[in-house]
Amino acid sequence: MKTLRSERFRPVEADLFNSETENHAQAKSTLLDYGSPSFHSIPLKPLPQPTTITAIDVSNIRLGETDTGLLTAIRAAVVWRQKRQYKYLRLGPFPFHITEQNKQEVYDIFRQHYLPTSPKCLVAPSLPNMQNRIGNLLERWLQMSMSAGSRDNIILWDGSLTAGTPDNPTRALLQLLEITRNRLNTVLAFTKSTTLRLWNRRLTDLTTRTPPPRLIQINRYPLHQSTPICFLGNIYIAKLTNGSCSFRLDIDKNIPSAQRVAAVQKLLGNDLLFQGYPETLRLAHIYSTFTANEVLGIQRFIAQTYGLRVVTRLNLRRLLFGPYGKGPEA
Amino acid sequence: MQLYRKEGNTIQILSFPAEEIQKGEYVLIKDSNHDRSLVTQIIDVQFAAIPGILEELLRNSTTDEHICGENLDLLEVAPHVTYVQDARMLICKIRGTIQNGILSTNTGWLPSRASSSITKLSTASLLAQARIGNDLPIDLGETRETSSVTIDAQMLDGKLNIVTGKKETGKSHMSKLLALSLVDYGAPVVVLDLNGEYAKLGFSSDGQKNEYHRRVRVLTPGDNFKITLKQMKLRVMMNILFHALHLPGASAQEFRRIWRFLKDHDTLTMRELGEVIRNRRCNLHVRDALCSRYYSLLDSGFFTDNHEEETSLKKAFCSIHGGGALIINLQDISSINRQIVVEFMLGELVELLTQSKLKAVFLFAEEAHLYLRETYWNDIVTRMRHFGIFTTFVTNQPNTIRENIYRQADNIFLFNFTNEHDLEAVSRASKVDAETVKSIARELLPHHCLVLGKVVGDFPIVVKVRALDVQTMGQTRLFFTDEN
């Protein structure tokens with residue numbers, strides 16, 4: 001933000017409900033429509049052994065544009081469930097002014113915290129992708145901190161254990177999972193809306209008639225040989241309560257199968273579930289998400305602190321086509 | 001403050017928490033492009049419809065013992081979010097325009113949304129612009145900005161006024177203030193005092209005689225206020241018999257004959273009247289009817305044959321020449337006797353005024369529905385106004401005053417009401433829109449009054465009514481009070 005002085009600022013209409021950090025590109029490259037995978041249904045029983053449940057989520061939002069770049073904000077939330085009580089820590093919001101000039105610097109700062117051992121010269125993504133990328137890096141950094149700073153916890157991630165994308169280098173994610181294992185923690189990565197498909201059906205639609213709580217393990221995923229993508233976790237369909245909601249659940253491959261199932265059972269025994277989704281993770285999402293009111297507040301903060309003049313964004317479609325100028329702004 | 005939208009004569013202004021603003025205050029929307037300003041009054045203050053506010057509040061409401069946490073807001077963005085969250089929408093009514101320093105009621109233009117500047121307009125400045133209270137100023141009290149509010153006594157002259165509000169909000173106090181202020185300017189005032197509240201207007205709060213002591217005369221019917229039949233016109237007596245005592249038509253005819261007979265023989269006294277009725281050869285039912293009315297008149301104690309006891313209203317008005325108040329104490333007398341006294345009073349006033357023995361009189365009627373007959377309401381606001389009776393109705397039951405009275409009221413002094421039905425009744429007044437009445441009156445503090453009408457140049461103003469150094473008798477007598 002330090003580069004931001006006396007510029008004009010065009011607020012954009014914030015899309016508050018589509019700011020998830022899941023990388024859609026990764027899912028598109030992993031359409032699984034061939035092969036012969038197998039299913040294994042695992043009934044679950046809540047395990048009331050006292051265990052701390054931790055969840056991490058990060059949200060980012062685009063606030064507007066300046067003449068030289070983008071204004072964005074990120075916020076993280078960590079929620080614990082411990083002794084029947086939820087505790088949370090919200091970090092942020094942190095507004096950023098990202099320009100072509102500073103994007104590498106911003107990217108490197110985030111990358112260094114999460115991937116200290118990664119190569120020094122990783123090129124920053126394009127300007128429009130920076131918002132998601134720094135959000136993702138902050139999320140991984142917090143996941144790393146929680147994994148390293150806790151012991152014998154169930155750590156809930158929002159997303160999958162898919163690696164090999166620019167967002168999620170395999171080496172870094174492996175390293176993160178190893179740290180987690182060494183501290184006797186278990187990562188349960190929940191994906192609300194997966195694009196993985198089998199036999200032309202969404203993975204989460206492939207539930208059996210057996211009653212919940214239940215995991216359906218999917219074995220032997222065929223992948224394109226050429227793809228750099230790999231799954232670092234075993235993939236399950238988690239149907240944890242009655243109702244229509246089931247989720248893709250990734251659990252670290254390198255922990256024994258029994259421990260994987262036990263981790264989910266501990267989750268059932270220690271956390272509330274709303275529509276089959278852990279309350280801790282739901283709260284993390286709620287606490288990190290930006291409301292429209294907050295977006296206005298942050299825009300005001302930026303305008304006041306950095307002397308920005310708010311100007312209305314020119315809608316080229318509307319300008320060119322008048323009432324026929326529908327669709328997204330050009 | 002920023003201009004947001006206009007709909008009809010309502011303007012919405014966006015206001016932020018730092019701007020201290022309240023209902024009833026005026027704001028000026030100055031359009032620098034056209035060098036004119038729109039005068040608007042805030043009738044409601046609402047929260048601005050901020051998007052996402054519900055989510056924000058729901059999220060922040062998790063303060064129960066099961067959820068606790070910490071916000072690490074290093075850049076201190078939260079105050080800005082709160083600032084937006086607390087943004088308010090001022091609902092304002094357009095009241096007029098100031099152009100070239102002249103205030104007019106022209107409201108048919110729209111200021112620029114982009115280049116208008118919005119500032120508070122003090123009530124003092126508004127009143128100065130409206131040129132109110134210049135000639136015969138009556139100090140009503142002060143505004144919220146503690147500037148004094150004065151009205152012009154001339155704006156009460158020839159006008160119909162209503163003082164209304166719920167119990168213990170200061171109605172009687174206001175009517176006393178108005179009455180004494182009129183007395184200050186030499187006006188004759190008659191108060192129909194239902195509860196004996198005005199009896200001690202001539203004494204200051206410490207019990208000492210005050211400046212009004214010689215100008216306030218309390219007349220208690222049956223005590224120091226008695227009349228002889230000779231003083232009374234037949235028309236007035238017939239009104240009493242018809243309206244207060246409900247004498248049937250046939251009996252009234254007989255009574256007229258008796259009255260004329262007694263008058264012709266110069267024996268118009270209560271005693272003779274009784275004798276004649278008793279010995280009258282007429283239909284038995286008529287005689288019984290006349291007898292019962294006669295005894296009602298006799299029992300009222302208001303009539304006397306002793307000329308030393310009689311009260312001459314003409315003399316009473318002479319005694320307050322140069323300004324004074326006649327307080328007709330209607331406390332502790334029966335409903336029928338009240339009506340007898342009021343019928344007499346109004347008849348006599350009309351008589352004095354038509355004979356030009358009295359220039360005009362300001363009549364203050366407390367809870368008039370308890371003693372004023374139905375037909376008098378219209379009479380008072382239409383016919384009697386032309387004679388010179390200028391009435392101020394004081395009531396805590398606004399629905400007892402007819403809608404047409406509200407419509408013709410020139411000034412309304414409105415105190416707090418919370419009941420919807422009461423507000424609905426008052427909102428029929430033509431001096432202001434219903435929304436203003438309902439919104440502002442509902443939240444008026446005790447002794448705060450919304451003044452509507454000509455006295456304030458049709459700019460509704462909220463006034464904290466000033467204290468009076470007179471003995472207030474209107475206070476409710478309590479059982480659980482400290483005797484010491």
# chains A, B, ... in the order shown; residues from 1 in each chain; ligands from 1

$ residues_around --residues "Asn254 (chain A)" --least-positions-apart "2" --cutoff "12 Å" --atoms "only C-alpha atoms" --output "compact mmCIF listing (two decimals) with N, CA, C and O atoms, in the first residue's frame"
# COMPACT_ATOMS: atom_id res chain seq x y z
N LEU A 174 4.13 -31.61 0.27
CA LEU A 174 4.64 -32.82 0.92
C LEU A 174 5.34 -32.46 2.23
O LEU A 174 5.16 -33.12 3.26
N GLN A 175 6.10 -31.39 2.14
CA GLN A 175 6.83 -30.92 3.32
C GLN A 175 5.85 -30.51 4.43
O GLN A 175 6.06 -30.86 5.61
N LEU A 177 2.79 -31.61 4.84
CA LEU A 177 2.11 -32.80 5.39
C LEU A 177 3.05 -33.58 6.30
O LEU A 177 2.62 -34.17 7.30
N GLU A 178 4.32 -33.55 5.97
CA GLU A 178 5.29 -34.26 6.80
C GLU A 178 5.40 -33.61 8.18
O GLU A 178 5.40 -34.28 9.21
N ILE A 179 5.45 -32.28 8.16
CA ILE A 179 5.49 -31.55 9.45
C ILE A 179 4.25 -31.90 10.28
O ILE A 179 4.34 -32.15 11.48
N THR A 180 3.14 -31.94 9.59
CA THR A 180 1.87 -32.23 10.28
C THR A 180 1.93 -33.63 10.91
O THR A 180 1.56 -33.82 12.07
N ARG A 181 2.40 -34.58 10.14
CA ARG A 181 2.48 -35.97 10.64
C ARG A 181 3.43 -36.08 11.82
O ARG A 181 3.14 -36.72 12.81
N ASN A 182 4.58 -35.39 11.69
CA ASN A 182 5.59 -35.47 12.74
C ASN A 182 5.06 -34.95 14.08
O ASN A 182 5.54 -35.34 15.13
N THR A 186 -3.43 -34.58 12.22
CA THR A 186 -3.99 -35.16 11.00
C THR A 186 -4.75 -34.08 10.25
O THR A 186 -5.56 -33.36 10.84
N VAL A 187 -4.47 -33.98 8.96
CA VAL A 187 -5.15 -33.01 8.12
C VAL A 187 -6.36 -33.67 7.48
O VAL A 187 -6.26 -34.74 6.88
N PHE A 231 -2.32 -36.50 -6.36
CA PHE A 231 -3.12 -36.42 -5.13
C PHE A 231 -2.26 -36.89 -3.97
O PHE A 231 -1.81 -38.04 -3.96
N LEU A 232 -2.06 -36.04 -3.01
CA LEU A 232 -1.23 -36.41 -1.86
C LEU A 232 -2.07 -37.03 -0.75
O LEU A 232 -1.55 -37.38 0.30
N GLY A 233 -3.34 -37.12 -1.02
CA GLY A 233 -4.20 -37.72 -0.01
C GLY A 233 -5.05 -38.80 -0.61
O GLY A 233 -5.22 -38.88 -1.82
N ASN A 234 -5.59 -39.62 0.27
CA ASN A 234 -6.60 -40.57 -0.17
C ASN A 234 -7.91 -39.79 -0.31
O ASN A 234 -8.22 -38.95 0.53
N ASP A 250 -10.09 -35.29 1.58
CA ASP A 250 -8.74 -35.80 1.32
C ASP A 250 -8.03 -35.98 2.65
O ASP A 250 -8.02 -35.06 3.48
N ILE A 251 -7.44 -37.15 2.83
CA ILE A 251 -6.65 -37.41 4.05
C ILE A 251 -5.28 -37.92 3.62
O ILE A 251 -5.17 -38.75 2.70
N ASP A 252 -4.27 -37.39 4.28
CA ASP A 252 -2.87 -37.70 3.96
C ASP A 252 -2.67 -39.20 3.69
O ASP A 252 -2.98 -40.04 4.53
N PRO A 256 -1.40 -44.27 8.30
CA PRO A 256 -2.08 -45.56 8.19
C PRO A 256 -3.59 -45.39 8.02
O PRO A 256 -4.17 -44.43 8.54
N SER A 257 -4.17 -46.34 7.34
CA SER A 257 -5.59 -46.28 7.01
C SER A 257 -6.45 -46.16 8.27
O SER A 257 -7.40 -45.37 8.33
N ALA A 258 -6.10 -46.95 9.29
CA ALA A 258 -6.89 -46.94 10.53
C ALA A 258 -6.84 -45.57 11.19
O ALA A 258 -7.83 -45.07 11.74
N GLN A 259 -5.65 -44.95 11.11
CA GLN A 259 -5.50 -43.61 11.73
C GLN A 259 -6.33 -42.57 10.97
O GLN A 259 -6.86 -41.63 11.56
N ARG A 260 -6.44 -42.76 9.66
CA ARG A 260 -7.23 -41.84 8.84
C ARG A 260 -8.70 -41.89 9.27
O ARG A 260 -9.35 -40.87 9.48

$ interface_residues --of "chain B" --to "chain A" --cutoff "7 Å" --atoms "only C-alpha atoms" --output "list of chain:residue names"
B:Ile50, B:Pro51, B:Gly52, B:Ile53, B:Glu55, B:Glu56, B:His66, B:Ile67, B:Cys68, B:Gly69, B:Glu70, B:Asn71, B:Leu72, B:Asp73, B:Leu74, B:Val77, B:His80, B:Val81, B:Val84, B:Gln85

$ residues_around --residues "Glu142 (chain B)" --least-positions-apart "5" --cutoff "6 Å" --atoms "only C-alpha atoms" --output "PyMOL selection string"
chain B and resi 147-149+463-464

$ select_by_dssp --residues "region 209-339 of chain B" --states "strand (DSSP E or B)" --output "PyMOL selection string"
chain B and resi 209+216-219+221+225-227+303+310+324-329

$ residues_around --residues "Ile340 (chain B)" --least-positions-apart "5" --cutoff "12 Å" --atoms "only C-alpha atoms" --output "short mmCIF file (atom, residue, chain, number, x, y, z; two decimals) with C-alpha atoms, in the first residue's frame"
data_model
loop_
_atom_site.label_atom_id
_atom_site.label_comp_id
_atom_site.auth_asym_id
_atom_site.auth_seq_id
_atom_site.Cartn_x
_atom_site.Cartn_y
_atom_site.Cartn_z
CA PRO B 221 -69.69 29.03 40.40
CA GLY B 222 -71.94 28.86 43.44
CA LYS B 226 -73.56 33.74 41.03
CA ILE B 227 -76.02 35.31 38.69
CA VAL B 236 -79.21 31.85 27.09
CA MET B 237 -81.66 30.35 29.58
CA MET B 238 -83.32 28.37 26.81
CA ASN B 239 -79.95 27.04 25.72
CA ILE B 240 -79.32 25.89 29.29
CA LEU B 241 -82.72 24.23 29.48
CA PHE B 242 -82.40 22.60 26.09
CA HIS B 243 -78.83 21.50 26.05
CA ALA B 244 -77.84 21.09 29.69
CA LEU B 245 -81.15 20.06 31.19
CA HIS B 246 -82.75 18.51 28.08
CA ARG B 293 -85.56 21.76 35.74
CA SER B 296 -81.87 21.62 39.01
CA LEU B 297 -81.19 25.31 38.44
CA LEU B 298 -81.80 26.03 42.09
CA ASP B 299 -79.58 23.18 43.27
CA SER B 300 -76.72 24.35 41.09
CA GLY B 301 -76.22 27.24 43.48
CA PHE B 302 -75.29 29.32 40.47
CA PHE B 303 -78.47 31.42 40.61
CA LEU B 330 -65.23 24.21 37.25
CA ILE B 333 -69.04 20.79 40.34
CA SER B 334 -71.31 18.33 38.66
CA SER B 335 -71.36 17.72 34.96
CA MET B 345 -70.49 32.06 29.96
CA LEU B 346 -70.48 31.60 26.20
CA GLY B 347 -73.88 33.27 25.84
CA TYR B 371 -68.83 20.38 29.19
CA LEU B 372 -69.19 21.68 25.67
CA ARG B 373 -72.20 20.44 23.77
#

$ residues_around --residues "region 237-249 of chain A" --least-positions-apart "2" --cutoff "8 Å" --atoms "only C-alpha atoms" --output "ChimeraX atom specification"
/A:160,188-194,203-207,211-218,235,251,268,273,275-277

$ write_last_selection --atoms "C-alpha atoms" --output "mmCIF file, in the first residue's frame"
data_model
loop_
_atom_site.group_PDB
_atom_site.id
_atom_site.type_symbol
_atom_site.label_atom_id
_atom_site.label_comp_id
_atom_site.auth_asym_id
_atom_site.auth_seq_id
_atom_site.Cartn_x
_atom_site.Cartn_y
_atom_site.Cartn_z
ATOM 1 C CA SER A 160 -8.058 -30.592 -1.307
ATOM 2 C CA LEU A 188 -8.705 -33.443 6.910
ATOM 3 C CA ALA A 189 -9.173 -31.413 3.738
ATOM 4 C CA PHE A 190 -12.839 -30.770 2.912
ATOM 5 C CA THR A 191 -13.879 -29.681 -0.547
ATOM 6 C CA LYS A 192 -17.371 -28.264 -0.700
ATOM 7 C CA SER A 193 -17.733 -28.412 -4.445
ATOM 8 C CA THR A 194 -15.413 -30.705 -6.307
ATOM 9 C CA LEU A 203 -17.781 -37.390 -7.275
ATOM 10 C CA THR A 204 -19.885 -36.206 -4.381
ATOM 11 C CA ASP A 205 -23.048 -37.444 -6.087
ATOM 12 C CA LEU A 206 -21.788 -41.018 -5.924
ATOM 13 C CA THR A 207 -23.155 -41.813 -2.498
ATOM 14 C CA PRO A 211 -26.772 -44.647 6.354
ATOM 15 C CA PRO A 212 -24.413 -41.905 7.569
ATOM 16 C CA PRO A 213 -21.981 -41.292 9.144
ATOM 17 C CA ARG A 214 -19.908 -43.008 6.525
ATOM 18 C CA LEU A 215 -16.836 -42.566 4.357
ATOM 19 C CA ILE A 216 -16.651 -43.939 0.862
ATOM 20 C CA GLN A 217 -13.071 -44.499 -0.099
ATOM 21 C CA ILE A 218 -12.282 -44.242 -3.797
ATOM 22 C CA ILE A 235 -9.893 -39.356 -1.605
ATOM 23 C CA ILE A 251 -6.645 -37.409 4.053
ATOM 24 C CA LEU A 268 -17.445 -36.696 14.775
ATOM 25 C CA LEU A 273 -21.733 -30.994 12.203
ATOM 26 C CA GLN A 275 -25.362 -30.443 7.041
ATOM 27 C CA GLY A 276 -22.469 -32.864 7.274
ATOM 28 C CA TYR A 277 -19.892 -30.043 7.413
#

$ atom_distance --atom1 "CA of Thr66 (chain A)" --atom2 "CA of Gln101 (chain A)"
13.4 Å

$ decode --residues "region 157-186 of chain A" --atoms "N, CA and C atoms" --output "PDB file, in the first residue's frame"
ATOM      1  N   TRP A 157      -8.777 -28.358   6.661  1.00  0.00           N
ATOM      2  CA  TRP A 157      -8.447 -27.418   5.586  1.00  0.00           C
ATOM      3  C   TRP A 157      -9.669 -27.251   4.700  1.00  0.00           C
ATOM      4  N   ASP A 158      -9.749 -26.070   4.157  1.00  0.00           N
ATOM      5  CA  ASP A 158     -10.789 -25.827   3.159  1.00  0.00           C
ATOM      6  C   ASP A 158     -10.136 -26.030   1.790  1.00  0.00           C
ATOM      7  N   GLY A 159     -10.420 -27.157   1.143  1.00  0.00           N
ATOM      8  CA  GLY A 159      -9.789 -27.459  -0.145  1.00  0.00           C
ATOM      9  C   GLY A 159      -9.323 -28.903  -0.174  1.00  0.00           C
ATOM     10  N   SER A 160      -8.478 -29.186  -1.145  1.00  0.00           N
ATOM     11  CA  SER A 160      -8.058 -30.592  -1.307  1.00  0.00           C
ATOM     12  C   SER A 160      -6.560 -30.737  -1.074  1.00  0.00           C
ATOM     13  N   LEU A 161      -6.077 -31.968  -1.210  1.00  0.00           N
ATOM     14  CA  LEU A 161      -4.633 -32.218  -1.094  1.00  0.00           C
ATOM     15  C   LEU A 161      -4.050 -32.465  -2.488  1.00  0.00           C
ATOM     16  N   THR A 162      -4.574 -31.753  -3.451  1.00  0.00           N
ATOM     17  CA  THR A 162      -4.059 -31.883  -4.818  1.00  0.00           C
ATOM     18  C   THR A 162      -2.822 -31.010  -4.947  1.00  0.00           C
ATOM     19  N   ALA A 163      -1.777 -31.574  -5.501  1.00  0.00           N
ATOM     20  CA  ALA A 163      -0.520 -30.828  -5.654  1.00  0.00           C
ATOM     21  C   ALA A 163      -0.098 -30.870  -7.119  1.00  0.00           C
ATOM     22  N   GLY A 164       0.936 -30.078  -7.404  1.00  0.00           N
ATOM     23  CA  GLY A 164       1.460 -30.063  -8.766  1.00  0.00           C
ATOM     24  C   GLY A 164       0.935 -28.904  -9.591  1.00  0.00           C
ATOM     25  N   THR A 165       0.209 -28.017  -8.955  1.00  0.00           N
ATOM     26  CA  THR A 165      -0.251 -26.805  -9.655  1.00  0.00           C
ATOM     27  C   THR A 165       0.671 -25.661  -9.247  1.00  0.00           C
ATOM     28  N   PRO A 166       0.627 -24.564  -9.990  1.00  0.00           N
ATOM     29  CA  PRO A 166       1.491 -23.438  -9.589  1.00  0.00           C
ATOM     30  C   PRO A 166       1.196 -22.961  -8.167  1.00  0.00           C
ATOM     31  N   ASP A 167      -0.051 -23.070  -7.789  1.00  0.00           N
ATOM     32  CA  ASP A 167      -0.445 -22.674  -6.426  1.00  0.00           C
ATOM     33  C   ASP A 167       0.132 -23.614  -5.383  1.00  0.00           C
ATOM     34  N   ASN A 168       0.172 -24.873  -5.723  1.00  0.00           N
ATOM     35  CA  ASN A 168       0.518 -25.908  -4.741  1.00  0.00           C
ATOM     36  C   ASN A 168       1.641 -26.798  -5.250  1.00  0.00           C
ATOM     37  N   PRO A 169       2.855 -26.324  -5.158  1.00  0.00           N
ATOM     38  CA  PRO A 169       3.976 -27.175  -5.597  1.00  0.00           C
ATOM     39  C   PRO A 169       4.013 -28.454  -4.755  1.00  0.00           C
ATOM     40  N   THR A 170       4.252 -29.559  -5.412  1.00  0.00           N
ATOM     41  CA  THR A 170       4.182 -30.860  -4.741  1.00  0.00           C
ATOM     42  C   THR A 170       5.151 -30.927  -3.569  1.00  0.00           C
ATOM     43  N   ARG A 171       6.362 -30.402  -3.795  1.00  0.00           N
ATOM     44  CA  ARG A 171       7.390 -30.524  -2.760  1.00  0.00           C
ATOM     45  C   ARG A 171       6.973 -29.777  -1.488  1.00  0.00           C
ATOM     46  N   ALA A 172       6.411 -28.626  -1.714  1.00  0.00           N
ATOM     47  CA  ALA A 172       6.021 -27.796  -0.569  1.00  0.00           C
ATOM     48  C   ALA A 172       4.881 -28.440   0.214  1.00  0.00           C
ATOM     49  N   LEU A 173       3.945 -28.996  -0.524  1.00  0.00           N
ATOM     50  CA  LEU A 173       2.792 -29.598   0.159  1.00  0.00           C
ATOM     51  C   LEU A 173       3.203 -30.873   0.884  1.00  0.00           C
ATOM     52  N   LEU A 174       4.127 -31.605   0.268  1.00  0.00           N
ATOM     53  CA  LEU A 174       4.645 -32.824   0.924  1.00  0.00           C
ATOM     54  C   LEU A 174       5.338 -32.457   2.232  1.00  0.00           C
ATOM     55  N   GLN A 175       6.100 -31.389   2.139  1.00  0.00           N
ATOM     56  CA  GLN A 175       6.835 -30.917   3.316  1.00  0.00           C
ATOM     57  C   GLN A 175       5.854 -30.514   4.434  1.00  0.00           C
ATOM     58  N   LEU A 176       4.801 -29.841   4.021  1.00  0.00           N
ATOM     59  CA  LEU A 176       3.779 -29.395   4.987  1.00  0.00           C
ATOM     60  C   LEU A 176       3.094 -30.594   5.638  1.00  0.00           C
ATOM     61  N   LEU A 177       2.789 -31.612   4.836  1.00  0.00           N
ATOM     62  CA  LEU A 177       2.112 -32.799   5.390  1.00  0.00           C
ATOM     63  C   LEU A 177       3.049 -33.578   6.304  1.00  0.00           C
ATOM     64  N   GLU A 178       4.315 -33.548   5.972  1.00  0.00           N
ATOM     65  CA  GLU A 178       5.294 -34.259   6.803  1.00  0.00           C
ATOM     66  C   GLU A 178       5.402 -33.606   8.182  1.00  0.00           C
ATOM     67  N   ILE A 179       5.452 -32.283   8.164  1.00  0.00           N
ATOM     68  CA  ILE A 179       5.495 -31.550   9.449  1.00  0.00           C
ATOM     69  C   ILE A 179       4.253 -31.899  10.276  1.00  0.00           C
ATOM     70  N   THR A 180       3.144 -31.942   9.589  1.00  0.00           N
ATOM     71  CA  THR A 180       1.874 -32.231  10.275  1.00  0.00           C
ATOM     72  C   THR A 180       1.930 -33.628  10.907  1.00  0.00           C
ATOM     73  N   ARG A 181       2.403 -34.585  10.144  1.00  0.00           N
ATOM     74  CA  ARG A 181       2.484 -35.975  10.639  1.00  0.00           C
ATOM     75  C   ARG A 181       3.434 -36.077  11.821  1.00  0.00           C
ATOM     76  N   ASN A 182       4.581 -35.393  11.686  1.00  0.00           N
ATOM     77  CA  ASN A 182       5.587 -35.471  12.744  1.00  0.00           C
ATOM     78  C   ASN A 182       5.064 -34.947  14.077  1.00  0.00           C
ATOM     79  N   ARG A 183       4.101 -34.024  13.991  1.00  0.00           N
ATOM     80  CA  ARG A 183       3.529 -33.470  15.230  1.00  0.00           C
ATOM     81  C   ARG A 183       2.268 -34.239  15.638  1.00  0.00           C
ATOM     82  N   LEU A 184       2.069 -35.381  15.036  1.00  0.00           N
ATOM     83  CA  LEU A 184       0.932 -36.286  15.318  1.00  0.00           C
ATOM     84  C   LEU A 184      -0.426 -35.622  15.030  1.00  0.00           C
ATOM     85  N   ASN A 185      -0.378 -34.650  14.151  1.00  0.00           N
ATOM     86  CA  ASN A 185      -1.631 -34.028  13.718  1.00  0.00           C
ATOM     87  C   ASN A 185      -2.145 -34.731  12.472  1.00  0.00           C
ATOM     88  N   THR A 186      -3.426 -34.578  12.224  1.00  0.00           N
ATOM     89  CA  THR A 186      -3.987 -35.157  11.004  1.00  0.00           C
ATOM     90  C   THR A 186      -4.753 -34.082  10.252  1.00  0.00           C
TER      91      THR A 186
END
